[in-house]
>>> print(open('target-v6.cif').read())   # mmCIF, C-alpha atoms
data_model
#
loop_
_atom_site.label_atom_id
_atom_site.label_comp_id
_atom_site.auth_asym_id
_atom_site.auth_seq_id
_atom_site.Cartn_x
_atom_site.Cartn_y
_atom_site.Cartn_z
CA MET K 1 0.00 0.00 0.00
CA SER K 2 2.86 2.42 0.72
CA ALA K 3 4.15 2.14 -2.86
CA PHE K 4 0.59 2.75 -4.12
CA ILE K 5 0.29 5.91 -1.99
CA VAL K 6 3.70 7.16 -3.10
CA GLU K 7 2.75 6.63 -6.75
CA TRP K 8 -0.43 8.68 -6.30
CA LEU K 9 1.46 11.41 -4.46
CA ASN K 10 4.00 11.42 -7.26
CA LEU K 11 1.28 11.72 -9.90
CA LEU K 12 -0.69 14.47 -8.17
CA ILE K 13 2.37 16.56 -7.29
CA ARG K 14 3.79 16.10 -10.79
CA TRP K 15 0.46 17.20 -12.26
CA GLY K 16 0.42 20.30 -10.07
CA HIS K 17 4.07 20.99 -10.92
CA MET K 18 3.29 20.87 -14.64
CA ILE K 19 0.27 23.17 -14.28
CA ALA K 20 2.17 25.75 -12.23
CA GLY K 21 5.20 25.49 -14.51
CA ILE K 22 3.13 26.08 -17.64
CA GLY K 23 1.66 29.18 -16.01
CA TRP K 24 5.09 30.51 -14.98
CA ILE K 25 6.81 29.78 -18.28
CA GLY K 26 3.87 31.15 -20.21
CA THR K 27 3.90 34.49 -18.39
CA SER K 28 7.71 34.68 -18.60
CA PHE K 29 7.70 34.12 -22.35
CA TYR K 30 4.76 36.45 -22.83
CA PHE K 31 6.20 39.39 -20.90
CA ILE K 32 9.64 39.11 -22.49
CA ALA K 33 7.98 39.03 -25.93
CA LEU K 34 5.75 41.96 -24.95
CA ASP K 35 8.68 43.95 -23.63
CA LEU K 36 10.64 43.39 -26.83
CA SER K 37 7.70 44.34 -29.06
CA LEU K 38 7.01 47.74 -27.44
CA LYS K 39 7.21 50.70 -29.80
CA LYS K 40 7.55 54.42 -29.27
CA ARG K 41 4.69 56.28 -30.93
CA GLU K 42 3.97 59.89 -31.73
CA LYS K 43 1.38 60.36 -29.01
CA MET K 44 2.14 58.56 -25.75
CA THR K 45 1.19 59.11 -22.13
CA PRO K 46 3.93 61.01 -20.22
CA GLY K 47 6.36 58.57 -18.58
CA VAL K 48 5.46 55.71 -20.93
CA TYR K 49 8.45 53.87 -22.41
CA GLY K 50 6.55 52.17 -25.25
CA THR K 51 3.23 50.65 -26.26
CA ALA K 52 2.00 47.55 -28.04
CA TRP K 53 -1.25 46.71 -29.79
CA GLU K 54 -2.29 43.05 -29.64
CA VAL K 55 -5.17 40.91 -30.79
CA HIS K 56 -6.26 37.65 -29.19
CA GLY K 57 -9.47 35.72 -28.77
CA GLY K 58 -11.45 38.18 -30.88
CA GLY K 59 -10.46 41.23 -28.83
CA PHE K 60 -7.88 44.00 -29.10
CA TYR K 61 -5.51 45.05 -26.31
CA HIS K 62 -3.49 48.22 -25.91
CA VAL K 63 -0.57 47.81 -23.48
CA GLU K 64 1.64 50.60 -22.13
CA LYS K 65 4.89 50.16 -20.24
CA TYR K 66 6.06 52.92 -17.91
CA LEU K 67 9.77 53.59 -17.69
CA VAL K 68 9.60 53.43 -13.88
CA ALA K 69 5.95 53.54 -12.79
CA PRO K 70 2.86 55.73 -13.28
CA PRO K 71 2.05 58.54 -10.81
CA ALA K 72 -0.69 56.40 -9.24
CA LEU K 73 -1.58 52.73 -9.16
CA PRO K 74 -5.01 51.07 -8.97
CA ASP K 75 -6.01 48.79 -6.11
CA ASP K 76 -6.49 45.84 -8.49
CA LEU K 77 -2.87 45.75 -9.70
CA ILE K 78 -2.12 42.20 -10.90
CA TRP K 79 1.04 40.54 -9.59
CA TYR K 80 2.53 37.58 -11.43
CA LYS K 81 4.31 35.65 -8.71
CA TRP K 82 2.33 32.64 -7.50
CA GLU K 83 3.07 30.67 -10.67
CA ALA K 84 6.79 30.83 -9.85
CA TYR K 85 6.31 30.08 -6.16
CA LEU K 86 4.03 27.09 -6.76
CA THR K 87 6.30 25.70 -9.47
CA TRP K 88 9.25 25.61 -7.09
CA VAL K 89 7.27 24.33 -4.09
CA SER K 90 5.61 21.54 -6.09
CA GLY K 91 8.96 20.71 -7.69
CA PHE K 92 10.62 20.41 -4.29
CA PHE K 93 7.78 18.19 -3.02
CA LEU K 94 8.27 16.03 -6.10
CA LEU K 95 11.99 15.84 -5.37
CA CYS K 96 11.12 14.68 -1.84
CA VAL K 97 8.62 12.03 -2.94
CA GLN K 98 10.60 10.69 -5.90
CA TYR K 99 14.24 11.10 -4.85
CA TYR K 100 14.43 11.66 -1.09
CA TRP K 101 11.82 9.06 -0.12
CA ASN K 102 13.44 6.49 -2.44
CA ALA K 103 17.00 7.76 -2.11
CA ASN K 104 18.64 4.33 -2.32
CA THR K 105 16.79 3.62 -5.56
CA PHE K 106 16.78 6.92 -7.45
CA LEU K 107 19.30 9.28 -5.84
CA ILE K 108 22.22 7.13 -4.68
CA ASP K 109 24.48 4.97 -6.80
CA LYS K 110 27.08 3.34 -4.57
CA SER K 111 29.34 2.75 -7.58
CA VAL K 112 29.55 6.55 -7.88
CA LEU K 113 29.81 7.42 -4.18
CA GLU K 114 29.04 5.50 -0.99
CA LEU K 115 26.29 7.50 0.68
CA VAL K 116 23.43 6.89 3.08
CA PRO K 117 20.10 8.64 2.35
CA SER K 118 20.55 11.33 5.02
CA GLN K 119 23.94 12.33 3.56
CA ALA K 120 22.57 12.49 0.02
CA ILE K 121 19.60 14.63 1.10
CA VAL K 122 21.79 17.08 3.03
CA ILE K 123 24.13 17.44 0.03
CA SER K 124 21.09 18.02 -2.19
CA VAL K 125 19.56 20.76 -0.03
CA LEU K 126 22.89 22.54 0.64
CA SER K 127 23.75 22.52 -3.08
CA LEU K 128 20.45 24.22 -3.96
CA ILE K 129 21.02 26.90 -1.33
CA GLY K 130 24.70 27.32 -2.23
CA GLY K 131 23.90 27.65 -5.94
CA TRP K 132 21.59 30.59 -5.29
CA VAL K 133 24.06 32.32 -2.96
CA ILE K 134 26.92 32.11 -5.49
CA TYR K 135 24.70 33.23 -8.38
CA ASP K 136 23.31 36.16 -6.39
CA ARG K 137 26.81 37.28 -5.36
CA LEU K 138 27.91 37.18 -8.99
CA CYS K 139 24.98 39.36 -10.06
CA LYS K 140 25.62 41.89 -7.28
CA SER K 141 29.38 42.03 -7.92
CA PRO K 142 31.04 44.19 -10.61
CA ILE K 143 30.74 41.12 -12.87
CA GLY K 144 26.97 41.67 -12.85
CA ARG K 145 27.39 44.91 -14.79
CA ASN K 146 29.14 43.10 -17.65
CA THR K 147 26.48 40.95 -19.33
CA PRO K 148 28.78 38.71 -21.45
CA LEU K 149 31.12 38.07 -18.52
CA LEU K 150 28.20 37.35 -16.20
CA ALA K 151 26.76 34.90 -18.74
CA VAL K 152 30.08 33.03 -18.86
CA CYS K 153 30.29 32.91 -15.07
CA VAL K 154 26.71 31.62 -14.66
CA PHE K 155 27.38 29.04 -17.39
CA ALA K 156 30.51 27.91 -15.51
CA LEU K 157 28.55 27.78 -12.23
CA ILE K 158 25.88 25.48 -13.67
CA VAL K 159 28.36 23.22 -15.49
CA GLY K 160 30.49 23.05 -12.33
CA ALA K 161 27.43 22.04 -10.33
CA ALA K 162 26.61 19.40 -12.95
CA TYR K 163 30.15 18.00 -12.67
CA MET K 164 29.78 17.82 -8.89
CA PHE K 165 26.36 16.16 -9.08
CA THR K 166 27.60 13.48 -11.50
CA HIS K 167 30.33 12.56 -9.01
CA VAL K 168 27.93 12.37 -6.07
CA PHE K 169 24.53 11.10 -7.24
CA SER K 170 23.17 8.49 -9.63
CA GLY K 171 22.84 9.48 -13.29
CA ARG K 172 19.13 10.23 -12.93
CA GLY K 173 19.69 12.01 -9.64
CA ALA K 174 22.51 14.13 -11.05
CA LEU K 175 20.61 15.57 -14.02
CA ILE K 176 17.39 16.16 -12.09
CA HIS K 177 19.50 18.08 -9.57
CA VAL K 178 20.90 20.27 -12.34
CA GLY K 179 17.28 21.12 -13.15
CA ALA K 180 16.48 21.75 -9.48
CA PHE K 181 19.67 23.83 -9.10
CA VAL K 182 18.71 26.11 -12.00
CA GLY K 183 15.02 26.10 -11.06
CA THR K 184 15.89 27.26 -7.55
CA ILE K 185 17.90 30.17 -8.95
CA MET K 186 14.95 31.13 -11.15
CA ALA K 187 12.34 30.87 -8.38
CA VAL K 188 14.39 32.82 -5.84
CA ASN K 189 14.99 35.47 -8.51
CA VAL K 190 11.24 36.02 -8.42
CA PHE K 191 10.74 35.61 -4.67
CA GLY K 192 13.91 37.34 -3.47
CA VAL K 193 14.58 40.03 -6.07
CA ILE K 194 11.91 40.75 -8.68
CA ILE K 195 8.82 40.91 -6.43
CA PRO K 196 10.57 42.71 -3.49
CA ASN K 197 11.90 45.34 -5.90
CA GLN K 198 8.46 45.84 -7.38
CA LYS K 199 7.01 46.22 -3.87
CA LYS K 200 9.61 48.88 -3.05
CA ILE K 201 8.64 50.77 -6.20
CA VAL K 202 4.96 50.60 -5.26
CA ALA K 203 5.75 51.76 -1.70
CA SER K 204 7.63 54.78 -3.05
CA LEU K 205 4.69 55.70 -5.25
CA LEU K 206 2.27 55.48 -2.34
CA LYS K 207 4.54 57.90 -0.44
CA HIS K 208 4.58 60.21 -3.48
CA GLU K 209 8.33 59.65 -3.83
CA ALA K 210 10.26 59.04 -7.03
CA PRO K 211 11.00 55.27 -7.26
CA ASP K 212 14.60 54.16 -7.63
CA PRO K 213 14.96 53.22 -11.34
CA ARG K 214 17.78 50.85 -10.39
CA LEU K 215 15.27 48.53 -8.71
CA GLY K 216 13.40 48.05 -11.98
CA ALA K 217 16.65 47.48 -13.90
CA ILE K 218 17.75 44.77 -11.45
CA GLY K 219 14.37 43.07 -11.65
CA LYS K 220 14.53 43.15 -15.45
CA GLN K 221 18.01 41.60 -15.41
CA ARG K 222 16.86 38.66 -13.28
CA SER K 223 13.74 38.23 -15.39
CA VAL K 224 15.85 37.99 -18.55
CA HIS K 225 18.11 35.42 -16.85
CA ASN K 226 15.04 33.31 -16.05
CA ASN K 227 13.91 33.56 -19.65
CA TYR K 228 17.21 32.27 -21.04
CA LEU K 229 17.42 29.44 -18.49
CA THR K 230 13.92 28.11 -19.15
CA LEU K 231 14.64 25.86 -22.14
CA PRO K 232 17.65 24.10 -20.58
CA VAL K 233 15.86 23.53 -17.25
CA LEU K 234 12.87 21.99 -19.02
CA LEU K 235 15.12 19.45 -20.72
CA MET K 236 16.85 18.66 -17.43
CA MET K 237 13.48 17.95 -15.83
CA VAL K 238 12.60 15.25 -18.41
CA SER K 239 16.13 13.83 -18.67
CA ASN K 240 15.37 10.87 -16.40
CA HIS K 241 13.23 9.42 -19.21
CA TYR K 242 16.25 9.30 -21.54
CA PRO K 243 19.08 7.01 -20.39
CA PHE K 244 21.35 8.17 -23.22
CA LEU K 245 21.48 11.46 -21.28
CA SER K 246 21.37 10.38 -17.65
CA SER K 247 23.69 7.38 -17.98
CA HIS K 248 26.27 9.09 -20.18
CA PRO K 249 29.73 8.91 -18.58
CA GLN K 250 30.24 12.65 -19.20
CA SER K 251 26.70 13.85 -18.59
CA TRP K 252 28.06 17.10 -17.13
CA LEU K 253 29.38 17.86 -20.63
CA ILE K 254 25.94 17.07 -22.01
CA VAL K 255 24.60 19.76 -19.65
CA ALA K 256 27.07 22.30 -21.07
CA PHE K 257 25.88 21.77 -24.65
CA ILE K 258 22.21 21.80 -23.56
CA LEU K 259 22.79 25.22 -21.98
CA ILE K 260 24.37 26.50 -25.21
CA LEU K 261 21.63 25.00 -27.37
CA GLY K 262 18.73 26.27 -25.24
CA GLY K 263 20.26 29.70 -24.70
CA SER K 264 20.95 30.16 -28.42
CA ILE K 265 17.41 29.20 -29.37
CA ARG K 266 15.98 31.56 -26.78
CA HIS K 267 18.23 34.40 -27.95
CA PHE K 268 17.15 33.91 -31.55
CA ILE K 269 13.46 33.98 -30.58
CA ASN K 270 13.89 37.02 -28.33
CA ARG K 271 15.75 39.12 -30.88
CA HIS K 272 13.32 38.08 -33.62
CA GLU K 273 10.41 39.23 -31.45
CA ALA K 274 12.27 42.50 -30.88
CA HIS K 275 12.35 42.97 -34.69
CA ASP K 276 16.12 43.34 -34.72
CA PRO K 277 17.82 43.14 -38.13
CA ILE K 278 18.24 39.42 -38.77
CA PHE K 279 22.00 39.73 -39.27
CA ASN K 280 22.29 40.89 -35.64
CA TYR K 281 21.09 37.54 -34.27
CA VAL K 282 21.21 34.93 -37.04
CA TRP K 283 24.60 33.86 -35.65
CA ALA K 284 22.68 32.07 -32.89
CA VAL K 285 21.48 29.47 -35.41
CA PRO K 286 24.89 27.96 -36.30
CA ILE K 287 25.85 27.99 -32.61
CA ALA K 288 22.67 26.06 -31.77
CA LEU K 289 23.33 23.62 -34.63
CA VAL K 290 26.92 23.04 -33.48
CA ALA K 291 25.71 22.38 -29.93
CA LEU K 292 23.04 19.99 -31.23
CA GLY K 293 25.63 18.24 -33.40
CA ALA K 294 27.91 17.83 -30.39
CA LEU K 295 25.02 16.35 -28.38
CA LEU K 296 24.18 13.90 -31.16
CA TYR K 297 27.81 12.86 -31.45
CA LEU K 298 28.28 12.42 -27.71
CA THR K 299 25.08 10.43 -27.22
CA ALA K 300 25.32 8.29 -30.37
CA PRO K 301 25.12 4.58 -29.45
CA LYS K 302 28.51 2.94 -29.35
CA GLU K 303 28.77 -0.62 -30.57
CA GLN K 304 29.94 -2.72 -27.68
CA GLU K 305 32.68 -5.18 -28.52
CA ILE K 306 31.60 -8.64 -27.47
CA ASP K 307 34.15 -11.36 -26.98
CA PRO K 308 33.25 -14.06 -29.58
CA SER K 309 34.28 -16.71 -27.10
CA LEU K 310 31.75 -15.41 -24.56
CA GLN K 311 28.88 -17.85 -24.69
CA VAL K 312 25.93 -17.22 -22.39
CA SER K 313 23.20 -19.84 -22.07
CA ASP K 314 19.50 -19.16 -21.52
CA ALA K 315 19.81 -20.51 -17.99
CA GLN K 316 22.72 -18.16 -17.24
CA VAL K 317 20.94 -15.06 -18.52
CA LEU K 318 17.75 -15.94 -16.60
CA ALA K 319 19.79 -16.37 -13.44
CA LEU K 320 21.40 -13.00 -14.10
CA THR K 321 18.09 -11.21 -14.68
CA ALA K 322 16.51 -12.94 -11.69
CA LYS K 323 19.27 -11.41 -9.57
CA HIS K 324 19.24 -7.89 -11.05
CA CYS K 325 15.94 -7.28 -12.90
CA ALA K 326 13.07 -9.43 -11.66
CA MET K 327 12.75 -7.69 -8.29
CA CYS K 328 11.08 -4.84 -10.21
CA HIS K 329 10.29 -6.31 -13.63
CA SER K 330 8.07 -9.23 -12.67
CA ALA K 331 4.32 -9.73 -12.51
CA LYS K 332 4.47 -9.14 -8.74
CA PRO K 333 7.55 -7.02 -7.91
CA THR K 334 9.30 -7.68 -4.60
CA HIS K 335 10.93 -4.23 -4.60
CA ASP K 336 9.41 -1.95 -1.94
CA GLY K 337 9.09 0.92 -4.41
CA PHE K 338 6.82 -0.80 -6.95
CA GLU K 339 3.38 -2.40 -6.79
CA ALA K 340 3.49 -3.24 -10.52
CA PRO K 341 6.33 -3.68 -13.04
CA PRO K 342 7.62 -0.27 -14.25
CA LYS K 343 6.09 0.60 -17.64
CA GLY K 344 4.52 -2.87 -17.64
CA VAL K 345 7.85 -4.46 -18.59
CA ILE K 346 8.30 -8.02 -17.31
CA LEU K 347 11.69 -9.71 -17.70
CA THR K 348 11.31 -13.22 -16.34
CA SER K 349 11.56 -15.23 -19.57
CA THR K 350 13.88 -15.33 -22.57
CA ASP K 351 11.04 -14.26 -24.88
CA GLN K 352 10.42 -11.18 -22.74
CA LEU K 353 14.13 -10.35 -22.68
CA ALA K 354 14.33 -10.60 -26.47
CA ALA K 355 11.18 -8.48 -26.89
CA HIS K 356 12.75 -5.63 -24.89
CA LYS K 357 16.25 -6.13 -26.27
CA ASP K 358 16.89 -2.56 -27.42
CA GLN K 359 15.76 -0.96 -24.16
CA ILE K 360 17.80 -3.38 -22.06
CA ILE K 361 20.94 -2.82 -24.11
CA ALA K 362 20.51 0.96 -23.83
CA GLN K 363 19.81 1.02 -20.09
CA ALA K 364 21.71 -1.94 -18.63
CA VAL K 365 24.48 -2.78 -21.11
CA GLN K 366 25.64 0.41 -22.81
CA GLY K 367 24.47 2.47 -19.84
CA ASN K 368 24.14 1.80 -16.14
CA THR K 369 20.70 3.31 -15.60
CA MET K 370 19.40 -0.10 -14.62
CA PRO K 371 19.22 -1.56 -12.06
CA LEU K 372 18.09 1.67 -10.39
CA GLY K 373 20.91 3.02 -8.26
CA ASN K 374 22.68 -0.27 -9.04
CA GLU K 375 21.14 -1.56 -5.81
CA THR K 376 22.01 -5.14 -6.72
CA HIS K 377 25.64 -4.25 -7.56
CA MET K 378 25.56 -5.46 -11.15
CA THR K 379 29.15 -5.81 -12.36
CA ALA K 380 30.70 -4.79 -15.68
CA ASP K 381 31.26 -8.47 -16.52
CA GLU K 382 27.59 -9.23 -15.89
CA ARG K 383 26.59 -6.38 -18.20
CA LYS K 384 28.85 -7.87 -20.90
CA GLU K 385 27.26 -11.28 -20.42
CA LEU K 386 23.77 -9.79 -20.70
CA GLY K 387 24.83 -7.86 -23.83
CA ALA K 388 26.35 -10.97 -25.41
CA TRP K 389 23.14 -12.95 -24.92
CA LEU K 390 20.91 -10.12 -26.20
CA GLN K 391 23.03 -9.47 -29.28
CA SER K 392 22.89 -13.16 -30.18
CA HIS K 393 19.09 -13.16 -30.15
#
>>> encode(input="target-v6.cif", output="structure tokens")
Amino acid sequence: MSAFIVEWLNLLIRWGHMIAGIGWIGTSFYFIALDLSLKKREKMTPGVYGTAWEVHGGGFYHVEKYLVAPPALPDDLIWYKWEAYLTWVSGFFLLCVQYYWNANTFLIDKSVLELVPSQAIVISVLSLIGGWVIYDRLCKSPIGRNTPLLAVCVFALIVGAAYMFTHVFSGRGALIHVGAFVGTIMAVNVFGVIIPNQKKIVASLLKHEAPDPRLGAIGKQRSVHNNYLTLPVLLMMVSNHYPFLSSHPQSWLIVAFILILGGSIRHFINRHEAHDPIFNYVWAVPIALVALGALLYLTAPKEQEIDPSLQVSDAQVLALTAKHCAMCHSAKPTHDGFEAPPKGVILTSTDQLAAHKDQIIAQAVQGNTMPLGNETHMTADERKELGAWLQSH
């Protein structure tokens, strides 16, 4: 029953996480696009930076952006913040249910580092806090006033964190933590910088004081950072479904190229929406293609050399899978974390092994995604034996 409850918790929290995330990403993309599409017109309200005319759902909208803020604000001012807050909170709950609750299965791989669950959880939490602190210090330092240099430093921070995670956690745990690391930076940008700065501006207006324009500029900087980080963090969050990413021996390098690819795509879209001359941003396309090419090259399946003299009988392979696979992939799993075989895959007969040959080779022979967290301590020689049998069938 506990596994059943955990599965439902996982589903409901994941559902809520997706809903909140769609709302946050949608508003982020919309407001960046809106900001970039503003135009100065002949007749504008004093203090207005630019305006935009839009059509949607059969209606027309006229939007004005003030350089700092208008002289007065209505009581029904709309704040876009709960989408970000709920995305992070639901994401952290999901991390708890999926990775902390089942740390030995999903978070820890003893072949990477010998850890107990409490140690892994403490490292996880401290890394999320530490990532924000370092990022925030970078933004507030003189480096923060140099956009290209700051971009390089933030890139190095995330790749460095990815390198650390891959040497501490399982493959799945490492990449999901890269997503959580970046997602925490994005959420605290909203909670700790953007919204507080906006509140200070509103407070100044209520006191009939001139707001500090620097507060708006800082908020805009963090908002743009969130926009550029969105595409990479989304890919990190689904990486556990793709063993060619999570089980790659240099997955931290995969993260580096994903950051370049996602950032380049986002830059191209942003500058296109700003109606910049195409030659000012078309360079982002070849950079994105090079990054994609590097990812394809790095993740391309490598043919495993099988010793021709290695002969594995049906009885041997069934004994091997009974030891390492059947605890989860059987009609009635004995693993505490599963009430039913994951994805309905049962691996208790030679016919079933042959039917799922490609997935097994990808996850348990060429990669080490399975068994989860290598709980059963499957050896390299056993993986070769399994591969030899599968490739002969």
>>> atom_distance(input="target-v6.cif", atom1="CA of Ala156 (chain K)", atom2="CA of Leu95 (chain K)")
24.3 Å
>>> resolve_selection(input="target-v6.cif", expression="the PyMOL selection byres ((chain K and resi 337-344) around 9)", output="list in words")
Met1, Ser2, Ala3, Phe4, Val6, Glu7, Asn102, Thr105, Ala326, Met327, Cys328, His329, Ser330, Ala331, Lys332, Pro333, Thr334, His335, Asp336, Val345 and Ile346 of chain K
>>> write_last_selection(input="target-v6.cif", atoms="C-alpha atoms", output="short mmCIF file (atom, residue, chain, number, x, y, z; two decimals), in the frame of the given file")
data_model
loop_
_atom_site.label_atom_id
_atom_site.label_comp_id
_atom_site.auth_asym_id
_atom_site.auth_seq_id
_atom_site.Cartn_x
_atom_site.Cartn_y
_atom_site.Cartn_z
CA MET K 1 0.00 0.00 0.00
CA SER K 2 2.86 2.42 0.72
CA ALA K 3 4.15 2.14 -2.86
CA PHE K 4 0.59 2.75 -4.12
CA VAL K 6 3.70 7.16 -3.10
CA GLU K 7 2.75 6.63 -6.75
CA ASN K 102 13.44 6.49 -2.44
CA THR K 105 16.79 3.62 -5.56
CA ALA K 326 13.07 -9.43 -11.66
CA MET K 327 12.75 -7.69 -8.29
CA CYS K 328 11.08 -4.84 -10.21
CA HIS K 329 10.29 -6.31 -13.63
CA SER K 330 8.07 -9.23 -12.67
CA ALA K 331 4.32 -9.73 -12.51
CA LYS K 332 4.47 -9.14 -8.74
CA PRO K 333 7.55 -7.02 -7.91
CA THR K 334 9.30 -7.68 -4.60
CA HIS K 335 10.93 -4.23 -4.60
CA ASP K 336 9.41 -1.95 -1.94
CA VAL K 345 7.85 -4.46 -18.59
CA ILE K 346 8.30 -8.02 -17.31
#
>>> residues_around(input="target-v6.cif", residues="Pro70 (chain K)", least_positions_apart="2", cutoff="9 Å", atoms="all atoms listed in the file", output="ChimeraX atom specification")
/K:46-48,66-68,72-73,205
>>> residues_around(input="target-v6.cif", residues="region 375-392 of chain K", least_positions_apart="2", cutoff="10 Å", atoms="all atoms listed in the file", output="ChimeraX atom specification")
/K:104-106,108-111,304-314,316-318,320-321,323-325,327,350,353-358,360-362,364-368,370-373
>>> resolve_selection(input="target-v6.cif", expression="the PyMOL selection byres ((chain K and resi 49-60) around 12)", output="list in words")
Tyr30, Phe31, Ala33, Leu34, Asp35, Leu36, Ser37, Leu38, Lys39, Lys40, Arg41, Glu42, Lys43, Met44, Thr45, Pro46, Gly47, Val48, Tyr61, His62, Val63, Glu64, Lys65, Tyr66, Leu67, Val68, Ala69, Pro70 and Ala274 of chain K
>>> write_last_selection(input="target-v6.cif", atoms="C-alpha atoms", output="compact mmCIF listing (two decimals), keeping the file's coordinate frame")
# COMPACT_ATOMS: atom_id res chain seq x y z
CA TYR K 30 4.76 36.45 -22.83
CA PHE K 31 6.20 39.39 -20.90
CA ALA K 33 7.98 39.03 -25.93
CA LEU K 34 5.75 41.96 -24.95
CA ASP K 35 8.68 43.95 -23.63
CA LEU K 36 10.64 43.39 -26.83
CA SER K 37 7.70 44.34 -29.06
CA LEU K 38 7.01 47.74 -27.44
CA LYS K 39 7.21 50.70 -29.80
CA LYS K 40 7.55 54.42 -29.27
CA ARG K 41 4.69 56.28 -30.93
CA GLU K 42 3.97 59.89 -31.73
CA LYS K 43 1.38 60.36 -29.01
CA MET K 44 2.14 58.56 -25.75
CA THR K 45 1.19 59.11 -22.13
CA PRO K 46 3.93 61.01 -20.22
CA GLY K 47 6.36 58.57 -18.58
CA VAL K 48 5.46 55.71 -20.93
CA TYR K 61 -5.51 45.05 -26.31
CA HIS K 62 -3.49 48.22 -25.91
CA VAL K 63 -0.57 47.81 -23.48
CA GLU K 64 1.64 50.60 -22.13
CA LYS K 65 4.89 50.16 -20.24
CA TYR K 66 6.06 52.92 -17.91
CA LEU K 67 9.77 53.59 -17.69
CA VAL K 68 9.60 53.43 -13.88
CA ALA K 69 5.95 53.54 -12.79
CA PRO K 70 2.86 55.73 -13.28
CA ALA K 274 12.27 42.50 -30.88
>>> closest_residue(input="target-v6.cif", among="K:Gly26, K:Pro213, K:Gly131, K:Gly171", to="Ile254 (chain K)", atoms="all atoms listed in the file")
K:Gly171
>>> atom_distance(input="target-v6.cif", atom1="CA of Leu235 (chain K)", atom2="CA of Ser264 (chain K)")
14.4 Å
>>> resolve_selection(input="target-v6.cif", expression="the PyMOL selection byres ((chain K and resi 249) around 10)", output="ChimeraX atom specification")
/K:166,171,244-248,250-254,298-299,367-368
>>> closest_residue(input="target-v6.cif", among="K:Arg266, K:Lys81, K:His241, K:His272", to="Gln359 (chain K)", atoms="only C-alpha atoms")
K:His241
>>> axis_aligned_box(input="target-v6.cif", around="region 230-245 of chain K", padding_each_side="6 Å", output="AutoDock Vina command-line options")
--center_x 17.0 --center_y 17.6 --center_z -19.5 --size_x 20.9 --size_y 33.1 --size_z 19.4
>>> residues_around(input="target-v6.cif", residues="Tyr135 (chain K)", least_positions_apart="2", cutoff="9 Å", atoms="only C-alpha atoms", output="ChimeraX atom specification")
/K:130-133,137-140,153-154,157,185
>>> write_last_selection(input="target-v6.cif", atoms="C-alpha atoms", output="short mmCIF file (atom, residue, chain, number, x, y, z; two decimals), in the frame of the given file")
data_model
loop_
_atom_site.label_atom_id
_atom_site.label_comp_id
_atom_site.auth_asym_id
_atom_site.auth_seq_id
_atom_site.Cartn_x
_atom_site.Cartn_y
_atom_site.Cartn_z
CA GLY K 130 24.70 27.32 -2.23
CA GLY K 131 23.90 27.65 -5.94
CA TRP K 132 21.59 30.59 -5.29
CA VAL K 133 24.06 32.32 -2.96
CA ARG K 137 26.81 37.28 -5.36
CA LEU K 138 27.91 37.18 -8.99
CA CYS K 139 24.98 39.36 -10.06
CA LYS K 140 25.62 41.89 -7.28
CA CYS K 153 30.29 32.91 -15.07
CA VAL K 154 26.71 31.62 -14.66
CA LEU K 157 28.55 27.78 -12.23
CA ILE K 185 17.90 30.17 -8.95
#
>>> closest_residue(input="target-v6.cif", among="K:Pro286, K:Asn146, K:Gly293, K:Gln198", to="Tyr80 (chain K)", atoms="only C-alpha atoms")
K:Gln198
>>> atom_distance(input="target-v6.cif", atom1="CA of Leu175 (chain K)", atom2="CA of Leu86 (chain K)")
21.5 Å
>>> residues_around(input="target-v6.cif", residues="Thr184 (chain K)", least_positions_apart="4", cutoff="8 Å", atoms="all atoms listed in the file", output="ChimeraX atom specification")
/K:88,128,132,180,188
>>> residues_around(input="target-v6.cif", residues="Leu113 (chain K)", least_positions_apart="6", cutoff="10 Å", atoms="all atoms listed in the file", output="list in words")
Ala120, Thr166, His167, Val168, Phe169 and Ser170 of chain K
